[in-house]
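Novice: Quick one: the structure is below, and I'll ask about it shortly.
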Amino acid sequence: MLSAGMPHPLGAIFDGDGVNFALFSANAMKVELCLFDSGRETRLPLPERSSDIWHGYLGGARPGLLYGYRVHGPYDPLNGHRFNPNKLLIDPYARALDRSFEWNDIHCGYIVGDPRGDLSFDTRDNAALMPKCRVVAPRAESGAKLETPLAKSVIYEMHVRGATMRHPDIPEKLRGTFAGLARPEIIGHLRDLGITAVELLPVHAFATTAALAGRGLREYWGYNSIGFFAPEPRYLSTGDVGEFAGMVRAFHDAGIEVILDVVFNHSGEGDERGPTLSFRGIDNASYYCFDGDGRRYLDFTGCRNTLNLAHPRVLQLVMDSLRYWAGEMGVDGFRFDLAVSLAREAHHFSPHAALFATIAQDPVLANVKLIAEPWDLGVDGYHLGAFPQGWSEWNDKYRDTLRRFWRGEGGLPGDLAYRLTGSSDVFARGPLASVNFATAHDGFTLQDLVSYDAKHNAANGEDDRDGPNENFSWNCGVEGATHDPAIRALRARQKRNMMATLLLSQGLPMILGGDEIGRTQSGNNNAYCQDNDIGWYDWQNTDWKFRDFVRRMIAIRRENPAFHRAGFFHGSHINGSSLRDIVWLAPGAREMTDEDWNAKDLRAFGARYAADPQSEGARAFLLLMNAGESAERFRLPDAEPDAAWRVICDTALEDEPPPAAHEAGAMFAVEGRSLVLLAGAE
């Protein structure tokens with residue numbers, strides 16, 4: 001039934017007359033294509049092998065056909081081989097799966113519980129419980145992207161299910177899906193806020209681990225990928241992968257870009273005790289990195305395996321996946337999880353790694369946004385600031401400094417001044433290399449950051465051992481929810497302080513989805529397995545005042561280039577700088593001195609931004625911050641070209657400040673634990 005076909009492209013490709021199947025395996029002895037029709041399986045050996053690509057052509061086959069692979073070869077774990085043809089395998093290039101993965105130990109290539117462990121061999125057939133690959137018709141290229149300049153971007157990190165499961169205006173059948181995310185209730189909310197890009201937590205098909213299944217939980221965030229082309233089936237309301245492309249179009253029509261969080265550093269197959277789902281059974285020795293012999297995996301990721309991007313076919317898989325999502329599906333960028341793992345050469349990070357060079361020369365990826373999580377969990381795994389030109393990086397120094405300053409630690413104005421101006425002490429290539437954030441998916445929400453001193457992760461079933469212990473949080477006097485009006489008011493002010501600082505900082509701001517409506521996870525700072533009310537956004541209890549505050553702050557950022565420069569302030573050095581396009585102010589009536597910068601108890605300072613003489617209508621701005629408990633007074637400097645300042649943000653107030661004028665030279669009081677932004681006349 002199968003003719004020879006072609007070795008390229010990899011995957012199952014429909015050409016109008018039939019389907020070409022091509023699968024890489026350097027160490028297999030035989031590859032069987034398995035076709036499924038009404039529960040019946042037909043096995044067809046792929047007839048040809050070209051440069052380690054096994055291939056065959058099935059004339060008359062159409063989109064919708066269900067298939068998988070069985071790969072024959074040695075079962076020799078001590079030498080890196082774990083072939084087991086009793087296990088149906090997912091095609092790494094599959095564009096769609098017919099169902100989500102559910103844990104069952106029948107998927108393991110060894111006998112679970114056997115004294116020999118993973119050296120034993122399981123002969124049970126898992127096809128009945130294994131997701132099947134589905135042939136999908138090719139899509140046309142998506143066309144031009146929005147290409148919003150980085151300097152004008154505001155990113156919103158969100159979860160497909162989390163954002164939609166509790167929205168009262170989204171039809172129940174669409175909740176938790178791409179179609180639900182594309183609804184005007186979600187897109188309109190984001191557009192009204194001023195968001196320019198959504199960064200979606202992983203949407204690739206993913207697996208749940210045995211440990212989670214044993215606790216009655218499942219993978220929620222999605223950082224356990226088993227397919228880099230197939231969207232997670234749970235996120236499709238109809239099973240049609242075109243639903244994802246339709247969602248992207250809906251966001252683009254609203255002027256919002258779509259960035260995908262992608263996990264190429266490891267797979268959902270885990271360590272040697274994990275299941276055989278795809279890569280392990282196709283060619284374990286090629287796809288993974290090993291620690292010593294071929295039995296144990298190197299683990300730079302904390303997820304028990306590391307994919308081997310030094311292998312050209314594994315690198316090709318990553319590149320083909322990126323091109324597919326950017327080309328056929330139309331996405332605008334990628335955030336690379338634990339990106340240091342992707343650039344390790346001889347186990348060490350290299351800024352000249354093959355992945356960087358390959359992406360840089362690729363015409364399909366030339367204009368996409370590239371964001372790195374600049375660390376992994378291996379030795380020498382932290383490399384903030386070391387990624388190449390054209391990449392932005394999650395800046396955890398920004399996050400930690402912001403949190404520590406606003407919870408009232410002294411001696412931080414120098415550090416915070418660097419963060420406000422784009423972290424020039426970290427990024428030589430400009431402020432847009434820095435992705436600034438106060439909160440992200442892996443940690444407290446903003447509401448919880450001001451409500452809890454400690455994590456409360458009991459629901460995860462790990463005895464509160466999981467999740468970070470140091471969050472630089474402050475509960476404002478009471479742990480958790482409270483009806484005390486004074487504490488609730490202080491928490492609201494602290495949220496305004498951190499959001500305002502974030503949106504007035506140079507760099508690329510990222511807001512955690514739901515923070516603007518007051519979302520809480522009840523103190524859980526690692527909700528990776530909470531596909532329930534803990535992880536979902538509670539739209540019906542929206543904090544409307546804070547939502548409006550966030551919208552106003554985004555508008556201030558958008559309308560004033562002083563807060564989204566493409567380059568550093570000229571000569572922007574802290575501690576004794578002679579810089580004049582930004583002047584640093586100490587409380588009282590003087591500029592900051594070296595003694596002020598180094599004072600360990602200083603909790604208040606300010607910055608005067610000069611009006612840009614090259615920009616018509618540009619204004620001077622004065623940013624004053626006081627993280628202490630008591631009010632601090634500042635002398636208002638000159639407000640060229642006008643002699644007066646007007647307050648446009650005061651976090652001590654719930655609502656917009658009154659439009660009163662304040663004369664230059666006057667003393668101005670900044671309340672304790674508050675931020676004030678003043679502007680000169682337009």
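By order of appearance in the structure tokens: chains A, B, ..., then residues from 1 within every chain, and ligands from 1 in the order shown.
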Residues at most 9 Å from A:Ala610, counting only C-alpha atoms, excluding those fewer than 2 positions away in the same chain, as a PDB file with N, CA and C atoms, in the first residue's frame?
Specialist:
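The result, stored in around-v9.pdb:
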ATOM      1  N   ALA A 562       8.962  59.526  26.864  1.00  0.00           N
ATOM      2  CA  ALA A 562       9.945  59.539  27.946  1.00  0.00           C
ATOM      3  C   ALA A 562       9.998  58.207  28.677  1.00  0.00           C
ATOM      4  N   ARG A 580      22.421  64.871  32.522  1.00  0.00           N
ATOM      5  CA  ARG A 580      21.483  65.973  32.690  1.00  0.00           C
ATOM      6  C   ARG A 580      20.131  65.714  32.025  1.00  0.00           C
ATOM      7  N   ASP A 581      19.967  64.651  31.213  1.00  0.00           N
ATOM      8  CA  ASP A 581      18.628  64.423  30.672  1.00  0.00           C
ATOM      9  C   ASP A 581      17.765  63.642  31.662  1.00  0.00           C
ATOM     10  N   ILE A 582      18.367  63.190  32.743  1.00  0.00           N
ATOM     11  CA  ILE A 582      17.621  62.704  33.893  1.00  0.00           C
ATOM     12  C   ILE A 582      18.427  63.080  35.127  1.00  0.00           C
ATOM     13  N   VAL A 583      17.778  63.715  36.072  1.00  0.00           N
ATOM     14  CA  VAL A 583      18.439  64.195  37.287  1.00  0.00           C
ATOM     15  C   VAL A 583      17.801  63.496  38.476  1.00  0.00           C
ATOM     16  N   ARG A 608      13.974  63.497  37.696  1.00  0.00           N
ATOM     17  CA  ARG A 608      13.407  64.496  36.786  1.00  0.00           C
ATOM     18  C   ARG A 608      13.830  64.152  35.369  1.00  0.00           C
ATOM     19  N   ASP A 612      12.289  66.125  25.805  1.00  0.00           N
ATOM     20  CA  ASP A 612      13.113  65.828  24.636  1.00  0.00           C
ATOM     21  C   ASP A 612      12.986  66.972  23.633  1.00  0.00           C
ATOM     22  N   PRO A 613      14.071  67.707  23.375  1.00  0.00           N
ATOM     23  CA  PRO A 613      13.980  68.847  22.453  1.00  0.00           C
ATOM     24  C   PRO A 613      13.681  68.429  21.015  1.00  0.00           C
ATOM     25  N   ARG A 619       7.116  66.718  27.127  1.00  0.00           N
ATOM     26  CA  ARG A 619       7.062  67.357  28.440  1.00  0.00           C
ATOM     27  C   ARG A 619       8.163  66.828  29.346  1.00  0.00           C
ATOM     28  N   ALA A 620       8.503  67.628  30.317  1.00  0.00           N
ATOM     29  CA  ALA A 620       9.349  67.154  31.402  1.00  0.00           C
ATOM     30  C   ALA A 620       8.472  66.390  32.390  1.00  0.00           C
ATOM     31  N   PHE A 621       9.074  65.404  33.075  1.00  0.00           N
ATOM     32  CA  PHE A 621       8.342  64.635  34.070  1.00  0.00           C
ATOM     33  C   PHE A 621       9.157  64.571  35.351  1.00  0.00           C
ATOM     34  N   LEU A 622       8.439  64.430  36.436  1.00  0.00           N
ATOM     35  CA  LEU A 622       9.056  64.298  37.737  1.00  0.00           C
ATOM     36  C   LEU A 622       8.432  63.087  38.428  1.00  0.00           C
ATOM     37  N   ALA A 639      10.429  73.210  35.747  1.00  0.00           N
ATOM     38  CA  ALA A 639       9.524  72.376  34.950  1.00  0.00           C
ATOM     39  C   ALA A 639       9.473  72.831  33.510  1.00  0.00           C
ATOM     40  N   GLU A 640      10.626  73.152  32.930  1.00  0.00           N
ATOM     41  CA  GLU A 640      10.666  73.662  31.553  1.00  0.00           C
ATOM     42  C   GLU A 640       9.736  72.859  30.640  1.00  0.00           C
TER      43      GLU A 640
END
Novice: Can you write out as a tab-separated table which residues of stretch 90-140 of chain A fall within 12 Å of stretch 306-326 of chain A, alongside each residue's closest atom pair and its distance in Å to one decimal, counting only C-alpha atoms and ordering rows by chain and ascending residue number?
Specialist:
residue	atom	partner	partner_atom	distance
A:Asp91	CA	A:Leu317	CA	11.4
A:Pro92	CA	A:Leu317	CA	8.0
A:Tyr93	CA	A:Leu317	CA	7.8
A:Ala94	CA	A:Ser321	CA	10.4
A:Arg95	CA	A:Tyr324	CA	9.6
A:Pro138	CA	A:Tyr324	CA	10.3
A:Arg139	CA	A:Tyr324	CA	9.7
A:Ala140	CA	A:Tyr324	CA	10.7
Novice: So which residues touch A:Pro45 within 9 Å, counting only C-alpha atoms, skipping near sequence neighbours fewer than 3 positions away, as a short mmCIF file (atom, residue, chain, number, x, y, z; two decimals) with C-alpha atoms, in the first residue's frame?
Specialist:
data_model
loop_
_atom_site.label_atom_id
_atom_site.label_comp_id
_atom_site.auth_asym_id
_atom_site.auth_seq_id
_atom_site.Cartn_x
_atom_site.Cartn_y
_atom_site.Cartn_z
CA LEU A 2 2.91 2.37 0.65
CA LYS A 30 12.27 -0.93 11.37
CA VAL A 31 9.49 1.68 11.50
CA GLU A 32 5.83 0.79 11.22
CA LEU A 33 3.20 3.36 10.28
CA CYS A 34 0.04 2.53 12.24
CA GLU A 48 12.46 3.49 2.45
CA GLY A 56 6.61 6.22 2.60
#
Novice: When you look at A:Asn86 with a cut-off of 9 Å (counting only C-alpha atoms), what residues show up, excluding the ones that are within fewer than 2 positions of it in the same chain? I need them as an mmCIF file with N, CA and C atoms, in the first residue's frame.
Specialist:
data_model
loop_
_atom_site.group_PDB
_atom_site.id
_atom_site.type_symbol
_atom_site.label_atom_id
_atom_site.label_comp_id
_atom_site.auth_asym_id
_atom_site.auth_seq_id
_atom_site.Cartn_x
_atom_site.Cartn_y
_atom_site.Cartn_z
ATOM 1 N N ARG A 70 5.132 2.667 15.410
ATOM 2 C CA ARG A 70 5.816 1.689 16.256
ATOM 3 C C ARG A 70 7.223 1.542 15.688
ATOM 4 N N VAL A 71 8.208 1.705 16.554
ATOM 5 C CA VAL A 71 9.596 1.728 16.090
ATOM 6 C C VAL A 71 10.353 0.569 16.732
ATOM 7 N N ASN A 84 10.699 0.058 21.910
ATOM 8 C CA ASN A 84 9.696 -0.907 22.366
ATOM 9 C C ASN A 84 8.494 -0.811 21.428
ATOM 10 N N LEU A 88 2.707 2.515 21.100
ATOM 11 C CA LEU A 88 2.380 3.428 20.004
ATOM 12 C C LEU A 88 2.995 4.792 20.311
ATOM 13 N N GLY A 109 7.781 1.947 28.891
ATOM 14 C CA GLY A 109 8.423 0.886 28.132
ATOM 15 C C GLY A 109 8.950 -0.233 29.000
ATOM 16 N N ASP A 122 8.362 -4.023 29.061
ATOM 17 C CA ASP A 122 6.908 -4.184 29.137
ATOM 18 C C ASP A 122 6.353 -4.564 27.764
ATOM 19 N N THR A 123 5.595 -5.627 27.713
ATOM 20 C CA THR A 123 5.066 -6.119 26.435
ATOM 21 C C THR A 123 3.604 -5.738 26.211
ATOM 22 N N ARG A 124 3.023 -4.986 27.118
ATOM 23 C CA ARG A 124 1.622 -4.598 26.946
ATOM 24 C C ARG A 124 1.486 -3.578 25.816
ATOM 25 N N ASP A 125 0.413 -3.662 25.076
ATOM 26 C CA ASP A 125 0.137 -2.721 23.986
ATOM 27 C C ASP A 125 -0.678 -1.554 24.537
ATOM 28 N N ASN A 126 -0.211 -0.338 24.302
ATOM 29 C CA ASN A 126 -0.860 0.848 24.865
ATOM 30 C C ASN A 126 -1.727 1.604 23.870
ATOM 31 N N ALA A 127 -1.927 1.073 22.660
ATOM 32 C CA ALA A 127 -2.573 1.852 21.600
ATOM 33 C C ALA A 127 -3.958 2.337 21.981
#
Novice: Write out as a ChimeraX atom specification which residues come within 12 Å of A:Arg403 when counting only C-alpha atoms, dropping same-chain ones fewer than 6 positions away.
Specialist: /A:396-397,409,412,415-416,419,437-439,444,446,449-450,470-474,494-495,497-499,501-502,627
Novice: Just the selected residues (C-alpha atoms), exported as a PDB file, in the first residue's frame, please.
Specialist:
ATOM      1  CA  ASP A 396      14.463  38.826  37.616  1.00  0.00           C
ATOM      2  CA  LYS A 397      16.727  41.539  39.052  1.00  0.00           C
ATOM      3  CA  GLU A 409      13.791  47.721  52.538  1.00  0.00           C
ATOM      4  CA  LEU A 412      17.791  50.278  47.343  1.00  0.00           C
ATOM      5  CA  ASP A 415      19.476  49.481  42.360  1.00  0.00           C
ATOM      6  CA  LEU A 416      15.984  50.709  41.558  1.00  0.00           C
ATOM      7  CA  ARG A 419      15.922  49.163  36.887  1.00  0.00           C
ATOM      8  CA  PHE A 437       7.845  42.322  35.531  1.00  0.00           C
ATOM      9  CA  ALA A 438       6.582  42.420  39.094  1.00  0.00           C
ATOM     10  CA  THR A 439       4.784  39.076  38.881  1.00  0.00           C
ATOM     11  CA  PHE A 444       2.523  35.057  43.608  1.00  0.00           C
ATOM     12  CA  LEU A 446       0.095  40.792  42.530  1.00  0.00           C
ATOM     13  CA  LEU A 449       2.262  39.507  46.761  1.00  0.00           C
ATOM     14  CA  VAL A 450       0.727  42.150  49.054  1.00  0.00           C
ATOM     15  CA  GLU A 470      11.756  33.791  49.169  1.00  0.00           C
ATOM     16  CA  ASN A 471       9.207  35.971  47.406  1.00  0.00           C
ATOM     17  CA  PHE A 472      10.124  39.425  48.785  1.00  0.00           C
ATOM     18  CA  SER A 473       6.450  39.788  49.602  1.00  0.00           C
ATOM     19  CA  TRP A 474       4.730  41.638  52.453  1.00  0.00           C
ATOM     20  CA  GLN A 494       1.041  48.783  47.264  1.00  0.00           C
ATOM     21  CA  LYS A 495      -0.405  47.263  44.099  1.00  0.00           C
ATOM     22  CA  ASN A 497       2.945  51.441  43.551  1.00  0.00           C
ATOM     23  CA  MET A 498       4.311  48.361  41.835  1.00  0.00           C
ATOM     24  CA  MET A 499       2.151  48.606  38.728  1.00  0.00           C
ATOM     25  CA  THR A 501       6.690  51.661  38.689  1.00  0.00           C
ATOM     26  CA  LEU A 502       6.541  48.817  36.182  1.00  0.00           C
ATOM     27  CA  ALA A 627       8.646  53.450  50.257  1.00  0.00           C
TER      28      ALA A 627
END
Novice: Which value, in Å to one decimal, gives the distance between atom CA of A:Pro131 and atom CA of A:Ser267?
Specialist: 16.0 Å
Novice: Env of A:Glu219: 9 Å cut, atoms = only C-alpha atoms, seq-sep filter 3 positions within chain, self excluded. Answer as a list in words.
Specialist: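 With the cut-off at 9 Å, the set is Phe206, Ala207, Thr208, Thr209, Leu212, Ala213, Gly222, Tyr223, Asn224, Tyr528, Cys529, Gln530 and Asp531 of chain A.
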Novice: Filtering to C-alpha atoms, could you give me those residues as a PDB file, in the first residue's frame?
Specialist:
ATOM      1  CA  PHE A 206       1.569  18.226  26.948  1.00  0.00           C
ATOM      2  CA  ALA A 207       1.627  15.280  29.352  1.00  0.00           C
ATOM      3  CA  THR A 208       0.636  14.824  32.978  1.00  0.00           C
ATOM      4  CA  THR A 209       3.142  13.055  35.224  1.00  0.00           C
ATOM      5  CA  LEU A 212       0.358  14.384  39.662  1.00  0.00           C
ATOM      6  CA  ALA A 213      -2.033  11.678  38.537  1.00  0.00           C
ATOM      7  CA  GLY A 222       1.691  23.079  30.131  1.00  0.00           C
ATOM      8  CA  TYR A 223       5.469  22.999  30.687  1.00  0.00           C
ATOM      9  CA  ASN A 224       5.598  19.282  29.882  1.00  0.00           C
ATOM     10  CA  TYR A 528       1.264  24.471  37.957  1.00  0.00           C
ATOM     11  CA  CYS A 529      -1.219  21.699  38.762  1.00  0.00           C
ATOM     12  CA  GLN A 530      -4.261  23.762  39.760  1.00  0.00           C
ATOM     13  CA  ASP A 531      -6.669  23.493  36.827  1.00  0.00           C
TER      14      ASP A 531
END
